[in-house]
Amino acid sequence: MPIYEFECEECGARFEELVAAGAEGVACAECGSTRTRRLMSSVSPPGRQPRGAAVRSNESQRREREAARKDRIAESRQKRARGENPHPPKKKKGTK
Ligand SMILES: [Zn+2]
């Protein structure tokens, strides 16, 4: 789902919402009014592009996934480390 930028006609606040295309009447994040206008992302002011927010959230998602994968790798490595040494060191035989 794309992130759209909305402008509230009541208080003038701008906010970004994750909505289905064509959604109308999104409640204002500031005052709760549904008198909001969807702004085209192509005319969003420079330096504050909704696309940047999307990229950031994608990146944090990816980081999360990577961290989870590292966890899994570390876990399997630990298991393997344990598996590589399944037998406790034997007491030396023949030391009579
Ligand atoms: Zn508002």
# chains A, B, ... in the order shown; residues from 1 in each chain; ligands from 1
>>> residues_near_ligand(ligand="ligand 1", cutoff="6 Å", atoms="only C-alpha atoms and all ligand atoms", output="ChimeraX atom specification")
/A:8,10-13,28,30-33
>>> write_last_selection(atoms="all heavy atoms", output="short mmCIF file (atom, residue, chain, number, x, y, z; two decimals), in the first residue's frame")
data_model
loop_
_atom_site.label_atom_id
_atom_site.label_comp_id
_atom_site.auth_asym_id
_atom_site.auth_seq_id
_atom_site.Cartn_x
_atom_site.Cartn_y
_atom_site.Cartn_z
N CYS A 8 -4.86 18.61 6.33
CA CYS A 8 -6.13 18.83 7.03
C CYS A 8 -6.66 20.22 6.69
O CYS A 8 -5.92 21.20 6.78
CB CYS A 8 -5.92 18.67 8.53
SG CYS A 8 -7.41 19.03 9.47
N GLU A 10 -9.02 21.61 8.35
CA GLU A 10 -9.43 22.23 9.61
C GLU A 10 -8.26 22.95 10.27
O GLU A 10 -8.36 24.11 10.63
CB GLU A 10 -9.96 21.15 10.57
CG GLU A 10 -11.28 20.55 10.16
CD GLU A 10 -12.45 21.52 10.37
OE1 GLU A 10 -12.35 22.42 11.22
OE2 GLU A 10 -13.47 21.36 9.67
N CYS A 11 -7.17 22.22 10.44
CA CYS A 11 -6.05 22.80 11.18
C CYS A 11 -4.81 22.97 10.32
O CYS A 11 -3.82 23.54 10.77
CB CYS A 11 -5.74 21.95 12.41
SG CYS A 11 -5.03 20.35 12.02
N GLY A 12 -4.86 22.49 9.09
CA GLY A 12 -3.73 22.70 8.19
C GLY A 12 -2.58 21.74 8.41
O GLY A 12 -1.53 21.87 7.79
N ALA A 13 -2.76 20.79 9.30
CA ALA A 13 -1.69 19.84 9.58
C ALA A 13 -1.47 18.92 8.38
O ALA A 13 -2.41 18.58 7.66
CB ALA A 13 -2.03 19.02 10.81
N CYS A 28 -7.72 13.36 10.38
CA CYS A 28 -6.51 14.13 10.62
C CYS A 28 -5.78 13.57 11.84
O CYS A 28 -6.38 13.24 12.86
CB CYS A 28 -6.88 15.59 10.85
SG CYS A 28 -5.51 16.59 11.47
N GLU A 30 -3.87 15.23 13.66
CA GLU A 30 -3.74 16.27 14.69
C GLU A 30 -5.06 16.51 15.41
O GLU A 30 -5.11 16.52 16.63
CB GLU A 30 -3.27 17.58 14.05
CG GLU A 30 -1.83 17.51 13.53
CD GLU A 30 -0.81 17.35 14.65
OE1 GLU A 30 -0.99 17.95 15.72
OE2 GLU A 30 0.17 16.62 14.43
N CYS A 31 -6.14 16.75 14.64
CA CYS A 31 -7.40 17.15 15.26
C CYS A 31 -8.52 16.13 15.05
O CYS A 31 -9.59 16.26 15.62
CB CYS A 31 -7.82 18.54 14.75
SG CYS A 31 -8.34 18.53 13.02
N GLY A 32 -8.26 15.12 14.25
CA GLY A 32 -9.27 14.08 14.07
C GLY A 32 -10.32 14.41 13.05
O GLY A 32 -11.23 13.62 12.81
N SER A 33 -10.22 15.58 12.44
CA SER A 33 -11.21 15.96 11.43
C SER A 33 -11.04 15.10 10.18
O SER A 33 -9.94 14.70 9.83
CB SER A 33 -11.02 17.44 11.07
OG SER A 33 -11.77 17.73 9.89
#
>>> atom_distance(atom1="atom CA of A:Glu9", atom2="atom CA of A:Ala27")
10.9 Å
>>> atom_distance(atom1="atom CA of A:Glu59", atom2="atom CA of A:Leu18")
16.6 Å
